[in-house]
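Note: the block below is final-v3.csv and it holds CSV, C-alpha atoms.
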```
chain,number,residue,atom,x,y,z
A,108,MET,CA,-2.4,-19.5,20.6
A,109,SER,CA,-2.9,-15.9,19.5
A,110,ARG,CA,-1.1,-14.8,16.4
A,111,LYS,CA,1.6,-12.2,16.9
A,112,ALA,CA,0.8,-9.0,15.1
A,113,VAL,CA,2.9,-8.3,12.0
A,114,VAL,CA,5.1,-5.3,12.3
A,115,GLN,CA,5.5,-4.2,8.7
A,116,HIS,CA,8.2,-2.0,7.2
A,117,ASP,CA,7.2,1.1,5.3
A,118,ILE,CA,6.6,0.4,1.7
A,119,GLU,CA,9.4,2.8,0.7
A,120,LEU,CA,11.9,0.6,2.6
A,121,ILE,CA,10.3,-2.5,1.1
A,122,LEU,CA,10.8,-1.1,-2.4
A,123,ALA,CA,14.3,0.0,-1.6
A,124,ARG,CA,15.2,-3.5,-0.5
A,125,GLN,CA,13.6,-5.0,-3.6
A,126,LEU,CA,15.5,-2.6,-5.8
A,127,ALA,CA,18.8,-3.3,-4.0
A,128,ALA,CA,18.2,-7.1,-4.4
A,129,HIS,CA,17.9,-6.7,-8.2
A,130,LEU,CA,20.8,-4.4,-8.8
A,131,GLY,CA,24.4,-5.1,-9.5
A,132,THR,CA,25.5,-2.0,-7.5
A,133,PRO,CA,26.6,-2.6,-3.9
A,134,MET,CA,23.9,-1.2,-1.6
A,135,PHE,CA,23.5,-1.0,2.1
A,136,ILE,CA,20.1,0.0,3.7
A,137,VAL,CA,19.5,1.3,7.2
A,138,ASP,CA,16.3,2.4,9.0
A,139,ALA,CA,15.7,5.8,10.6
A,140,ARG,CA,17.8,4.8,13.6
A,141,GLY,CA,20.7,3.6,11.5
A,142,ALA,CA,20.0,-0.1,12.1
A,143,LEU,CA,21.0,-2.3,9.2
A,144,LEU,CA,18.1,-3.6,7.2
A,145,PHE,CA,19.7,-5.2,4.2
A,146,TYR,CA,22.7,-5.3,2.0
A,147,ASN,CA,22.8,-6.9,-1.4
A,148,GLU,CA,25.0,-9.5,-3.1
A,149,PRO,CA,27.4,-7.1,-4.7
A,150,ALA,CA,27.8,-5.5,-1.3
A,151,GLU,CA,28.4,-8.9,0.3
A,152,ARG,CA,31.4,-9.4,-2.0
A,153,LEU,CA,33.0,-6.2,-0.6
A,154,LEU,CA,31.9,-6.7,3.0
A,155,GLY,CA,33.1,-10.3,3.1
A,156,ARG,CA,30.0,-11.9,4.6
A,157,THR,CA,26.5,-12.4,3.4
A,158,TYR,CA,23.6,-10.4,4.9
A,159,GLU,CA,21.9,-13.7,5.9
A,160,GLU,CA,24.9,-14.6,8.0
A,161,ASN,CA,25.1,-11.2,9.7
A,162,GLY,CA,21.4,-10.4,9.9
A,163,ASP,CA,20.1,-7.1,11.1
A,164,MET,CA,22.5,-5.1,13.2
A,165,PRO,CA,22.1,-1.8,15.2
A,166,LEU,CA,24.2,1.1,14.1
A,167,GLU,CA,26.6,0.7,17.0
A,168,GLU,CA,27.3,-2.9,15.9
A,169,TRP,CA,27.7,-2.6,12.1
A,170,SER,CA,29.8,0.5,12.4
A,171,MET,CA,32.3,-1.5,14.5
A,172,VAL,CA,32.1,-4.6,12.3
A,173,PHE,CA,32.5,-2.7,9.0
A,174,ARG,CA,35.0,-0.1,10.3
A,175,PRO,CA,36.4,1.8,7.4
A,176,THR,CA,39.6,3.8,7.9
A,177,ARG,CA,41.3,6.7,6.1
A,178,GLU,CA,44.2,5.8,3.9
A,179,ASP,CA,46.6,6.6,6.7
A,180,GLY,CA,44.9,4.0,8.9
A,181,ARG,CA,43.0,6.3,11.2
A,182,VAL,CA,39.5,5.1,12.0
A,183,ILE,CA,36.8,7.2,10.5
A,184,PRO,CA,34.5,8.4,13.3
A,185,THR,CA,31.0,7.0,13.1
A,186,GLU,CA,29.4,10.4,12.7
A,187,GLU,CA,31.5,11.0,9.5
A,188,LEU,CA,30.3,7.9,7.7
A,189,PRO,CA,28.2,8.9,4.7
A,190,LEU,CA,25.2,6.8,5.9
A,191,VAL,CA,25.3,8.4,9.4
A,192,LYS,CA,25.7,11.9,7.9
A,193,ALA,CA,22.8,11.3,5.5
A,194,LEU,CA,20.6,10.3,8.4
A,195,ALA,CA,21.6,13.1,10.6
A,196,GLN,CA,21.6,15.9,8.0
A,197,GLY,CA,18.8,14.7,5.8
A,198,ARG,CA,20.8,15.1,2.6
A,199,PRO,CA,23.3,13.1,0.5
A,200,ALA,CA,26.8,12.6,1.8
A,201,TYR,CA,29.9,11.3,0.1
A,202,LEU,CA,33.3,10.1,1.2
A,203,ALA,CA,36.2,8.8,-0.7
A,204,PRO,CA,38.6,7.1,-0.5
A,205,MET,CA,38.2,4.8,2.5
A,206,LEU,CA,39.9,1.5,3.3
A,207,LEU,CA,37.5,-1.2,4.2
A,208,THR,CA,38.6,-4.5,5.6
A,209,GLY,CA,35.8,-7.0,5.0
A,210,GLN,CA,34.9,-9.8,7.3
A,211,ASP,CA,36.9,-12.0,4.9
A,212,LYS,CA,40.0,-10.0,6.0
A,213,VAL,CA,40.4,-8.6,2.5
A,214,GLN,CA,41.1,-4.8,2.5
A,215,ARG,CA,39.6,-2.8,-0.3
A,216,ARG,CA,39.8,0.9,-1.2
A,217,ILE,CA,36.2,2.2,-1.6
A,218,ALA,CA,34.1,5.3,-2.1
A,219,SER,CA,30.6,5.7,-0.9
A,220,ILE,CA,27.7,8.0,-1.4
A,221,ALA,CA,24.6,7.8,0.8
A,222,PHE,CA,21.2,9.5,0.6
A,223,PRO,CA,18.3,9.6,3.0
A,224,ILE,CA,15.1,7.7,2.2
A,225,VAL,CA,12.4,10.3,2.6
A,226,GLY,CA,9.0,8.7,2.0
A,227,GLN,CA,5.6,10.0,1.1
A,228,GLN,CA,4.4,12.6,3.4
A,229,ASP,CA,7.9,13.7,4.3
A,230,ARG,CA,8.6,10.7,6.6
A,231,HIS,CA,12.3,10.1,7.2
A,232,LEU,CA,12.6,6.4,7.0
A,233,GLY,CA,16.2,5.6,6.7
A,234,ALA,CA,19.1,5.8,4.3
A,235,VAL,CA,20.8,4.0,1.5
A,236,ALA,CA,24.6,3.8,0.8
A,237,VAL,CA,26.0,2.9,-2.5
A,238,PHE,CA,29.7,2.0,-2.5
A,239,TRP,CA,32.3,0.7,-4.9
A,240,GLU,CA,35.9,-0.1,-5.2
A,241,VAL,CA,38.2,2.7,-6.5
B,60,MET,CA,-12.9,3.1,-15.9
B,61,PRO,CA,-16.6,2.2,-15.6
B,62,SER,CA,-17.8,-0.5,-18.0
B,63,PRO,CA,-21.6,-0.6,-18.0
B,64,GLY,CA,-23.3,-2.6,-20.7
B,65,PRO,CA,-25.1,-5.9,-21.3
B,66,GLU,CA,-21.9,-7.8,-20.7
B,67,THR,CA,-21.6,-6.6,-17.1
B,68,VAL,CA,-25.1,-6.7,-15.8
B,69,LEU,CA,-24.3,-9.5,-13.4
B,70,TYR,CA,-21.2,-8.3,-11.6
B,71,GLY,CA,-21.7,-4.6,-12.5
B,72,GLY,CA,-19.7,-2.0,-14.4
B,73,ASN,CA,-19.3,0.8,-11.9
B,74,THR,CA,-15.9,1.8,-10.4
B,75,ALA,CA,-15.0,1.4,-6.7
B,76,CYS,CA,-17.4,2.3,-4.0
B,77,VAL,CA,-18.3,0.4,-0.9
B,78,GLU,CA,-20.9,1.4,1.7
B,79,VAL,CA,-20.1,0.4,5.3
B,80,LEU,CA,-22.8,0.7,8.0
B,81,SER,CA,-21.7,0.5,11.6
B,82,ALA,CA,-23.6,-1.0,14.4
B,83,ASP,CA,-24.4,2.5,15.6
B,84,GLY,CA,-25.8,3.6,12.3
B,85,ALA,CA,-22.8,5.6,11.0
B,86,THR,CA,-22.3,5.5,7.2
B,87,LEU,CA,-18.8,5.3,6.0
B,88,ILE,CA,-18.2,5.2,2.2
B,89,LEU,CA,-15.0,3.7,0.9
B,90,ASP,CA,-14.0,5.4,-2.4
B,91,ALA,CA,-16.1,7.6,-4.6
B,92,GLY,CA,-15.9,5.8,-7.9
B,93,THR,CA,-19.0,5.9,-10.2
B,94,GLY,CA,-20.8,3.5,-7.9
B,95,ILE,CA,-21.3,6.3,-5.5
B,96,ARG,CA,-23.8,7.9,-7.8
B,97,ARG,CA,-26.3,5.2,-7.3
B,98,LEU,CA,-25.5,5.0,-3.6
B,99,GLY,CA,-26.3,8.7,-3.3
B,100,VAL,CA,-29.9,8.2,-4.4
B,101,THR,CA,-30.5,5.1,-2.4
B,102,LEU,CA,-29.1,6.2,1.0
B,103,ASP,CA,-31.7,6.1,3.7
B,104,THR,CA,-29.9,8.4,6.0
B,105,THR,CA,-29.9,12.2,6.1
B,106,GLY,CA,-27.1,12.4,8.6
B,107,ARG,CA,-23.4,12.9,8.4
B,108,LEU,CA,-21.5,11.0,5.7
B,109,ASP,CA,-17.8,10.1,5.7
B,110,ILE,CA,-16.2,9.2,2.4
B,111,LEU,CA,-12.7,7.7,2.7
B,112,VAL,CA,-10.8,7.8,-0.5
B,113,SER,CA,-8.0,5.3,-1.0
B,114,HIS,CA,-6.3,7.4,-3.6
B,115,LEU,CA,-7.0,10.1,-6.2
B,116,HIS,CA,-6.9,8.1,-9.4
B,117,ALA,CA,-9.9,9.0,-11.5
B,118,ASP,CA,-11.7,5.7,-11.1
B,119,HIS,CA,-11.8,6.3,-7.4
B,120,ILE,CA,-13.1,9.9,-7.3
B,121,LEU,CA,-15.1,10.1,-10.6
B,122,GLY,CA,-18.4,9.7,-8.8
B,123,LEU,CA,-18.0,12.6,-6.4
B,124,GLY,CA,-19.3,15.1,-8.9
B,125,PHE,CA,-22.5,13.1,-9.2
B,126,PHE,CA,-23.0,12.2,-5.5
B,127,ALA,CA,-26.4,13.8,-4.7
B,128,PRO,CA,-25.8,14.4,-0.9
B,129,LEU,CA,-22.8,16.6,-1.9
B,130,PHE,CA,-25.2,19.0,-3.5
B,131,GLU,CA,-27.7,19.2,-0.7
B,132,ALA,CA,-27.4,22.5,1.0
B,133,GLY,CA,-26.3,22.1,4.6
B,134,ARG,CA,-25.6,18.3,4.4
B,135,GLU,CA,-22.6,17.3,6.5
B,136,VAL,CA,-20.1,15.5,4.3
B,137,HIS,CA,-16.6,14.6,5.3
B,138,VAL,CA,-14.1,13.5,2.7
B,139,TRP,CA,-10.9,11.8,3.8
B,140,GLY,CA,-7.9,11.3,1.5
B,141,PRO,CA,-4.2,10.5,1.5
B,142,ARG,CA,-2.0,13.4,2.5
B,143,SER,CA,0.4,14.9,0.0
B,144,SER,CA,3.5,16.9,0.9
B,145,THR,CA,3.1,19.1,-2.2
B,146,MET,CA,-0.6,20.0,-2.4
B,147,ASP,CA,-3.5,19.8,0.0
B,148,LEU,CA,-6.5,17.6,-0.5
B,149,ARG,CA,-8.8,20.5,-1.5
B,150,SER,CA,-6.4,21.5,-4.3
B,151,ARG,CA,-6.0,18.0,-5.6
B,152,LEU,CA,-9.8,17.4,-5.6
B,153,ALA,CA,-10.3,20.7,-7.3
B,154,ARG,CA,-8.3,19.5,-10.2
B,155,TYR,CA,-11.3,17.4,-11.1
B,156,LEU,CA,-14.1,19.5,-9.6
B,157,SER,CA,-13.3,22.6,-11.6
B,158,ALA,CA,-13.2,23.8,-15.2
B,159,PRO,CA,-12.5,22.4,-17.7
B,160,LEU,CA,-13.3,19.0,-16.2
B,161,PHE,CA,-16.4,19.8,-14.2
B,162,PRO,CA,-19.0,22.6,-14.4
B,163,VAL,CA,-19.2,23.2,-10.7
B,164,HIS,CA,-16.2,24.2,-8.7
B,165,LEU,CA,-15.4,22.5,-5.4
B,166,ARG,CA,-15.8,25.8,-3.6
B,167,GLU,CA,-19.4,26.1,-4.9
B,168,ILE,CA,-20.6,22.8,-3.6
B,169,PRO,CA,-23.5,23.6,-1.2
B,170,SER,CA,-23.1,20.9,1.4
B,171,ARG,CA,-21.1,21.4,4.6
B,172,LEU,CA,-18.0,19.8,3.2
B,173,THR,CA,-15.0,19.1,5.3
B,174,LEU,CA,-11.8,17.6,3.9
B,175,HIS,CA,-9.4,15.6,6.0
B,176,ASP,CA,-5.9,14.3,5.5
B,177,VAL,CA,-6.0,10.7,6.6
B,178,PRO,CA,-3.6,10.1,9.5
B,179,LEU,CA,-1.3,7.1,9.0
B,180,GLY,CA,-2.0,4.8,11.9
B,181,GLN,CA,-5.1,4.6,14.1
B,182,PHE,CA,-8.0,7.0,14.2
B,183,GLU,CA,-11.7,6.9,14.9
B,184,ILE,CA,-14.7,8.0,13.0
B,185,ARG,CA,-18.0,7.9,14.8
B,186,GLY,CA,-17.2,4.9,16.9
B,187,VAL,CA,-15.5,2.9,14.2
B,188,GLN,CA,-11.8,2.3,14.8
B,189,LEU,CA,-9.8,2.7,11.7
B,190,GLN,CA,-6.2,2.2,10.7
B,191,ALA,CA,-4.8,3.5,7.5
B,192,GLY,CA,-1.6,2.5,5.8
B,193,LEU,CA,0.2,3.2,2.5
B,194,VAL,CA,0.3,0.2,0.1
B,195,LEU,CA,2.0,-0.5,-3.1
B,196,HIS,CA,0.2,1.2,-6.0
B,197,PRO,CA,1.5,4.1,-8.1
B,198,GLY,CA,1.1,7.3,-6.1
B,199,PRO,CA,0.1,7.8,-2.5
B,200,THR,CA,-2.5,5.0,-2.0
B,201,LEU,CA,-4.1,4.0,1.3
B,202,ALA,CA,-5.7,0.8,2.5
B,203,TYR,CA,-8.1,0.9,5.4
B,204,ARG,CA,-8.7,-1.5,8.3
B,205,LEU,CA,-12.0,-0.9,10.0
B,206,GLN,CA,-12.8,-2.5,13.4
B,207,GLU,CA,-16.0,-2.5,15.4
B,208,ALA,CA,-17.3,-5.0,18.0
B,209,GLY,CA,-14.5,-7.4,17.3
B,210,GLN,CA,-15.1,-7.6,13.6
B,211,THR,CA,-12.5,-6.4,11.1
B,212,LEU,CA,-13.0,-5.2,7.5
B,213,VAL,CA,-10.0,-4.4,5.4
B,214,TYR,CA,-10.3,-2.5,2.1
B,215,MET,CA,-7.4,-2.7,-0.4
B,216,PRO,CA,-8.9,-1.9,-3.7
B,217,ASP,CA,-5.7,-1.1,-5.6
B,218,HIS,CA,-2.7,-3.1,-4.5
B,219,GLU,CA,0.2,-4.9,-6.1
B,220,PRO,CA,1.9,-6.9,-3.3
B,221,ALA,CA,3.5,-9.1,-5.9
B,222,LEU,CA,6.1,-6.4,-6.3
B,223,THR,CA,7.3,-7.2,-2.8
B,224,ASN,CA,7.4,-11.0,-3.5
B,225,GLY,CA,10.4,-12.8,-4.8
B,226,ILE,CA,13.1,-13.6,-2.4
B,227,PHE,CA,11.4,-11.7,0.4
B,228,GLN,CA,8.0,-13.3,0.0
B,229,LYS,CA,8.3,-15.4,3.2
B,230,TYR,CA,8.7,-12.3,5.3
B,231,ALA,CA,5.4,-10.7,6.3
B,232,ALA,CA,7.2,-7.6,7.6
B,233,TRP,CA,8.5,-7.0,4.0
B,234,THR,CA,5.1,-7.5,2.2
B,235,SER,CA,3.1,-4.5,1.4
B,236,GLY,CA,-0.3,-4.5,3.2
B,237,MET,CA,0.3,-7.5,5.4
B,238,ALA,CA,0.0,-5.8,8.7
B,239,LEU,CA,-3.2,-4.1,7.8
B,240,ALA,CA,-4.8,-7.3,6.3
B,241,GLU,CA,-3.7,-9.7,9.0
B,242,GLY,CA,-6.6,-11.8,10.3
B,243,ALA,CA,-9.3,-9.8,8.7
B,244,ASP,CA,-12.8,-11.1,8.9
B,245,LEU,CA,-13.4,-9.7,5.4
B,246,LEU,CA,-10.6,-8.5,3.0
B,247,ILE,CA,-11.8,-6.6,-0.1
B,248,HIS,CA,-8.8,-6.9,-2.4
B,249,ASP,CA,-7.7,-5.9,-5.9
B,250,SER,CA,-8.2,-8.9,-8.2
B,251,GLN,CA,-8.1,-7.3,-11.5
B,252,TYR,CA,-6.2,-9.7,-13.7
B,253,THR,CA,-5.6,-13.3,-14.5
B,254,ASP,CA,-2.1,-14.4,-14.0
B,255,GLU,CA,-1.5,-14.2,-17.7
B,256,GLU,CA,-2.8,-10.7,-17.9
B,257,TYR,CA,-0.7,-9.7,-14.9
B,258,ARG,CA,2.5,-10.7,-16.7
B,259,GLU,CA,1.7,-7.9,-19.2
B,260,HIS,CA,0.9,-5.4,-16.5
B,261,VAL,CA,3.7,-5.7,-13.9
B,262,GLY,CA,4.1,-2.4,-12.1
B,263,TRP,CA,0.7,-1.1,-13.0
B,264,GLY,CA,-0.4,-1.4,-9.4
B,265,HIS,CA,-2.9,-4.3,-9.5
B,266,SER,CA,-3.1,-7.9,-8.7
B,267,SER,CA,-4.2,-11.1,-10.3
B,268,ILE,CA,-6.9,-13.0,-8.6
B,269,GLU,CA,-4.4,-15.7,-7.8
B,270,GLN,CA,-2.1,-13.2,-6.2
B,271,ALA,CA,-5.0,-11.8,-4.2
B,272,ILE,CA,-5.8,-15.3,-2.9
B,273,ASP,CA,-2.1,-15.9,-2.1
B,274,PHE,CA,-2.0,-12.6,-0.2
B,275,GLY,CA,-5.2,-13.5,1.7
B,276,GLN,CA,-3.9,-16.8,2.7
B,277,ARG,CA,-0.7,-15.4,3.9
B,278,ALA,CA,-2.7,-12.8,5.9
B,279,ALA,CA,-4.9,-15.5,7.3
B,280,VAL,CA,-8.1,-13.7,6.4
B,281,LYS,CA,-11.4,-15.4,6.9
B,282,ARG,CA,-13.1,-14.1,3.7
B,283,LEU,CA,-11.8,-12.4,0.6
B,284,MET,CA,-14.0,-10.4,-1.8
B,285,THR,CA,-12.5,-10.0,-5.2
B,286,PHE,CA,-12.6,-6.4,-6.3
B,287,HIS,CA,-11.6,-3.9,-9.0
B,288,HIS,CA,-12.6,-6.0,-11.9
B,289,ASP,CA,-10.9,-5.2,-15.1
B,290,PRO,CA,-13.2,-3.1,-17.3
B,291,SER,CA,-12.6,-5.4,-20.2
B,292,HIS,CA,-13.8,-8.4,-18.3
B,293,THR,CA,-17.3,-9.6,-19.0
B,294,ASP,CA,-19.6,-11.4,-16.6
B,295,ALA,CA,-18.6,-14.6,-18.4
B,296,ASP,CA,-14.9,-13.8,-17.9
B,297,LEU,CA,-15.5,-13.2,-14.2
B,298,GLU,CA,-17.5,-16.4,-13.8
B,299,ARG,CA,-14.6,-18.3,-15.4
B,300,MET,CA,-12.0,-16.6,-13.2
B,301,HIS,CA,-13.9,-17.2,-10.0
B,302,SER,CA,-14.7,-20.8,-10.9
B,303,LEU,CA,-11.1,-21.5,-11.4
B,304,ALA,CA,-10.0,-19.5,-8.3
B,305,GLU,CA,-12.4,-21.5,-6.1
B,306,LYS,CA,-10.4,-24.6,-7.0
B,307,THR,CA,-7.2,-23.2,-5.5
B,308,GLU,CA,-5.5,-25.9,-3.6
B,309,ASN,CA,-5.7,-25.5,0.2
B,310,LEU,CA,-8.0,-22.5,-0.1
B,311,ASN,CA,-8.8,-22.0,3.5
B,312,PHE,CA,-11.2,-19.1,3.4
B,313,GLU,CA,-14.4,-18.1,1.7
B,314,LEU,CA,-14.0,-16.5,-1.7
B,315,VAL,CA,-16.7,-14.0,-2.5
B,316,ALA,CA,-17.0,-12.5,-6.0
B,317,GLY,CA,-17.3,-8.8,-5.7
B,318,THR,CA,-20.7,-8.0,-7.2
B,319,GLU,CA,-22.5,-4.7,-7.5
B,320,GLY,CA,-25.3,-4.5,-4.9
B,321,LEU,CA,-23.9,-7.3,-2.8
B,322,SER,CA,-24.5,-6.8,0.9
B,323,LEU,CA,-22.4,-8.7,3.5
B,324,GLU,CA,-22.3,-8.9,7.2
B,325,VAL,CA,-18.7,-8.7,8.3
B,326,GLY,CA,-17.9,-11.6,10.5
B,327,SER,CA,-20.9,-13.7,9.6
B,328,GLY,CA,-21.4,-16.0,6.6
B,329,GLN,CA,-24.5,-14.0,5.5
B,330,GLN,CA,-24.7,-12.1,2.3
B,331,LYS,CA,-27.5,-11.0,0.0
B,332,ASN,CA,-27.7,-9.4,-3.3
B,333,GLU,CA,-30.2,-6.5,-3.6
B,334,ARG,CA,-30.9,-7.6,-7.1
B,335,GLY,CA,-32.6,-10.7,-5.7
B,336,GLY,CA,-31.8,-13.8,-3.8
B,337,SER,CA,-29.5,-14.4,-1.0
B,338,ASN,CA,-26.5,-16.6,-0.2
B,339,THR,CA,-25.9,-18.0,3.2
```
Would you give me this structure, written as structure tokens?
Amino acid sequence: MSRKAVVQHDIELILARQLAAHLGTPMFIVDARGALLFYNEPAERLLGRTYEENGDMPLEEWSMVFRPTREDGRVIPTEELPLVKALAQGRPAYLAPMLLTGQDKVQRRIASIAFPIVGQQDRHLGAVAVFWEV
Amino acid sequence: MPSPGPETVLYGGNTACVEVLSADGATLILDAGTGIRRLGVTLDTTGRLDILVSHLHADHILGLGFFAPLFEAGREVHVWGPRSSTMDLRSRLARYLSAPLFPVHLREIPSRLTLHDVPLGQFEIRGVQLQAGLVLHPGPTLAYRLQEAGQTLVYMPDHEPALTNGIFQKYAAWTSGMALAEGADLLIHDSQYTDEEYREHVGWGHSSIEQAIDFGQRAAVKRLMTFHHDPSHTDADLERMHSLAEKTENLNFELVAGTEGLSLEVGSGQQKNERGGSNT
């Protein structure tokens, strides 16, 4: 049986995931299309489910699963989420405060900043969001 | 850095340079460390030369200024290197080939020199299919996969895949270099340290010989040549390291000690050392 060729992530994303795995700051990493690649343990505590349980998710899915609202309860449009803005505009984006109801049904008030991952040779590879309770 | 001397006469003390001869007679040279100086005087071709540089650390370009064909008027030489978003290849090479580091400026070199940014992904040079990818090492660093007539050679002279190990080690997609190295008939891989030495040099961009073997096993290569020996390692040190490495449990490929002058046929078990003798 022939071996299926490895499709390997860019080393910048590999390093971003390694860094996130070692930090105590909640981090959420997506690829250039916005698909979820990884979120770390501190993020799991805020999102209410482990990354292993959720796995990779396309943007359309995770933006519905983790659907933050403004403090008045209105849903924040996908295009206004910091991660999506960072991807679209190629620069950091910040939003606070938001209400996030995790998959554990716990609602938390959070802030988030996201920045695009621009690799060597100006390749736009994805984005990282850092978020925290406020 | 180069480490010539009585302690390194067996394995050699020059820095990285590998000559690749294609079936159609094309000469591709991987890296321009000090080993390229001797290559320049022993080449038996007067045709076009292509030098593919993995990265611009000094030990990989130091030999350029002493590579005789570069100074032959009209000689066609192509140098390929990793692209930078801040400075073109000519400007980066000129940092070395210019005052005060070198008496001859890059622009004065008499050969017909063409510089190329290596495209990431697949490309071809004179019938040899190549694939280049960035790998884990400080600064933009390429590894090359060369394919011809169903044989695959992969060159990863400076590489620290261990930085992508840990909890993600089981995922090939998350391991630097894995896609390029996969299934290679011959993988030439960074094997600078012992495991103990590596613990003192985490993040320096190199691998232990044990890590190189682990990487080769995970990539299912058929042969692995150890490369980029530490300049402080003597022939006796390398003998010891290789002897131990060959005892690796479940080692399922041939381990070849990178040796100056060694000639290998990719895809066959044949090798010979120009210093005398052959190993089959």
Exercise answer, chain B residues close to chain A, 6 Å and only C-alpha atoms, as a PyMOL selection string: chain B and resi 143-144+232-233+238
Residues near A:Glu186, cut-off 12 Å, all atoms listed in the file, skip fewer than 6 positions along chain, as a list of chain:residue names: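 Counting all atoms listed in the file, the residues come to A:Gly141, A:Leu166, A:Glu167, A:Ser170, A:Lys192, A:Ala193, A:Leu194, A:Ala195, A:Gln196, A:Ala200.
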Take the residues that were just selected and, keeping C-alpha atoms, output them as a CSV table (one decimal), in the coordinates of the input.
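What ended up in part_37.csv:
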```
chain,number,residue,atom,x,y,z
A,141,GLY,CA,20.7,3.6,11.5
A,166,LEU,CA,24.2,1.1,14.1
A,167,GLU,CA,26.6,0.7,17.0
A,170,SER,CA,29.8,0.5,12.4
A,192,LYS,CA,25.7,11.9,7.9
A,193,ALA,CA,22.8,11.3,5.5
A,194,LEU,CA,20.6,10.3,8.4
A,195,ALA,CA,21.6,13.1,10.6
A,196,GLN,CA,21.6,15.9,8.0
A,200,ALA,CA,26.8,12.6,1.8
```
B:Ser250 surroundings by all atoms listed in the file, 12 Å radius, close-in-sequence under 6 positions cut, as a ChimeraX atom specification: /B:215-221,256-257,264-275,283-290,292,297,300-301,304,314-317
Interatomic distance, atom CA of B:Pro159 to atom CA of B:Leu108 (Å, one decimal):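 So the two atoms, atom CA of B:Pro159 and atom CA of B:Leu108, lie 27.5 Å apart.
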Who sits within 12 Å of A:Pro149, only C-alpha atoms, same chain under 4 positions skipped, as a PyMOL selection string: chain A and resi 127-135+145+153-158+237-240
Atomic distance atom CA of B:Asp294 - atom CA of B:Thr67, expressed in Å with one decimal: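 Answer for the atom CA of B:Asp294 to atom CA of B:Thr67 separation: 5.2 Å.
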Test item: residues at most 10 Å from stretch 110-122 of chain B, only C-alpha atoms, excluding those fewer than 2 positions along its chain, as number ranges by chain: B: 60-61, 73-78, 86-99, 108, 124-127, 136-142, 148, 151-152, 155-156, 174-177, 191-194, 196-203, 214-217, 287
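The space separating atom CA of B:Glu135 from atom CA of B:Gly106 comes to 7.0 Å.
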Residue nearest A:Leu206 - candidates A:Ala123, A:Ala234, A:Leu190, A:Thr176, atoms counted: all atoms listed in the file: A:Thr176
A:Leu202 environment, 10 Å, all atoms listed in the file, sequence neighbours closer than 4 positions dropped, as a PyMOL selection string: chain A and resi 177+187-190+217-221+238
